[in-house]
Structure formats: structure tokens, C-alpha cells
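Novice: Below you'll find the structure I mean.
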Amino acid sequence: SLNSYAEKVVVDEKDLFVVPPECDLVAAGGLPIAFGTSHVGLVHRAGLLSGQVLLVLGAAGGVGLSAVQIGKVCGATVIAVA
């Protein structure tokens with residue numbers, strides 16, 4: 001999004017998501033990046049299907065961990081390497 005480093009921005013409410021009070025804002029800010037990257041790569045580009053085997057190299061980082069979780073939700077057999 002534009003102006004993401006500005007102190008104040010005007011956006012539509014539909015473009016926002018609620019962060020629970022017990023969640024760290026820095027961690028919450030990283031969720032769309034890590035999960036968005038993994039979701040686009042695995043679901044939209046690779047077309048990951050249930051029953052396939054997914055090897056995740058770098059499964060200790062944010063994008064790798066999200067790839068493991070998305071792979072499991074898709075029904076793949078996930079092999080995680082860190």
C-alpha cells in the first residue's frame with residue numbers, strides 16, 4: 001500500500017484488520033507479508049493440492065513457517081527443513 005511509512009494515512013475500513021489486544025503490533029504487521037507470500041506462491045502459483053508432498057526449505061523463518069501451515073491446511077504432506 002502507498003504511504004505505509006507515514007505517521008498517518010487515510011484508508012477504507014475494509015482494507016484494515018483487527019489486531020487482538022494480546023497480539024504484538026510488530027508481529028501482527030508481519031502476518032500479511034509472510035502468509036501472503038506463502039499463500040500466493042503455494043496456492044496461486046504452484047497450485048498445491050491435497051495429497052501432494054511439500055518440501056519447505058528455511059522452515060524456521062516467517063515465510064517458511066507460514067508455508068508449513070498453509071501446506072498442512074491444503075492437505076499436503078509437509079517436510080520442513082530448518
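Chain labels run A, B, ... following the order of the C-alpha cells; each chain numbers its residues from 1, and ligands are numbered from 1 in the order shown.
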List the spatial neighbours of range 27-37 of chain A as a list in words - criterion: any atom at most 10 Å away, only C-alpha atoms, same-chain residues fewer than 3 positions off excluded.

Specialist: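 Listed by chain and then number, they are Phe17, Val18, Val19, Pro20, Cys23, Asp24, Val40, Gly41, Leu42, Gly61, Gly62, Val63, Gly64, Leu65, Ser66, Ala67, Gln69 and Ile70 of chain A.
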
Novice: Using only C-alpha atoms, which protein or nucleic acid residues come within 9 Å of Val78 in chain A? Drop anything in the same chain fewer than 3 positions from it, and give the result as an MDAnalysis selection string.

Specialist: chainID A and resid 52:56 68:69 71:72 75

Novice: Enumerate as a PyMOL selection string all residues of chain A assigned to strand (DSSP E) by DSSP on the backbone, naming them with the chain letters and numbers the document uses.

Specialist: chain A and resi 53-57+77-81

Novice: Enumerate as a list in words all residues of chain A assigned to alpha helix (DSSP H) by DSSP on the backbone, naming them with the chain letters and numbers the document uses.

Specialist: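 Here are the alpha helix (DSSP H) residues of chain A: Leu25, Val26, Ala27, Ala28, Gly29, Gly30, Leu31, Pro32, Ile33, Ala34, Phe35, Gly36, Thr37, Ser38, His39, Gly62, Val63, Gly64, Leu65, Ser66, Ala67, Val68, Gln69, Ile70, Gly71, Lys72 and Val73 of chain A.
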
Novice: Expressed in Å to a single decimal, how great is the separation between CA of Thr77 in chain A and CA of Ser50 in chain A?

Specialist: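 About the pair CA of Thr77 in chain A and CA of Ser50 in chain A: they are 8.1 Å apart.
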
Novice: As an exercise, work out the distance from CA of Gly58 in chain A to CA of Ile79 in chain A in Å and give it to one decimal place.

Specialist: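 These atoms are spaced 10.9 Å apart.
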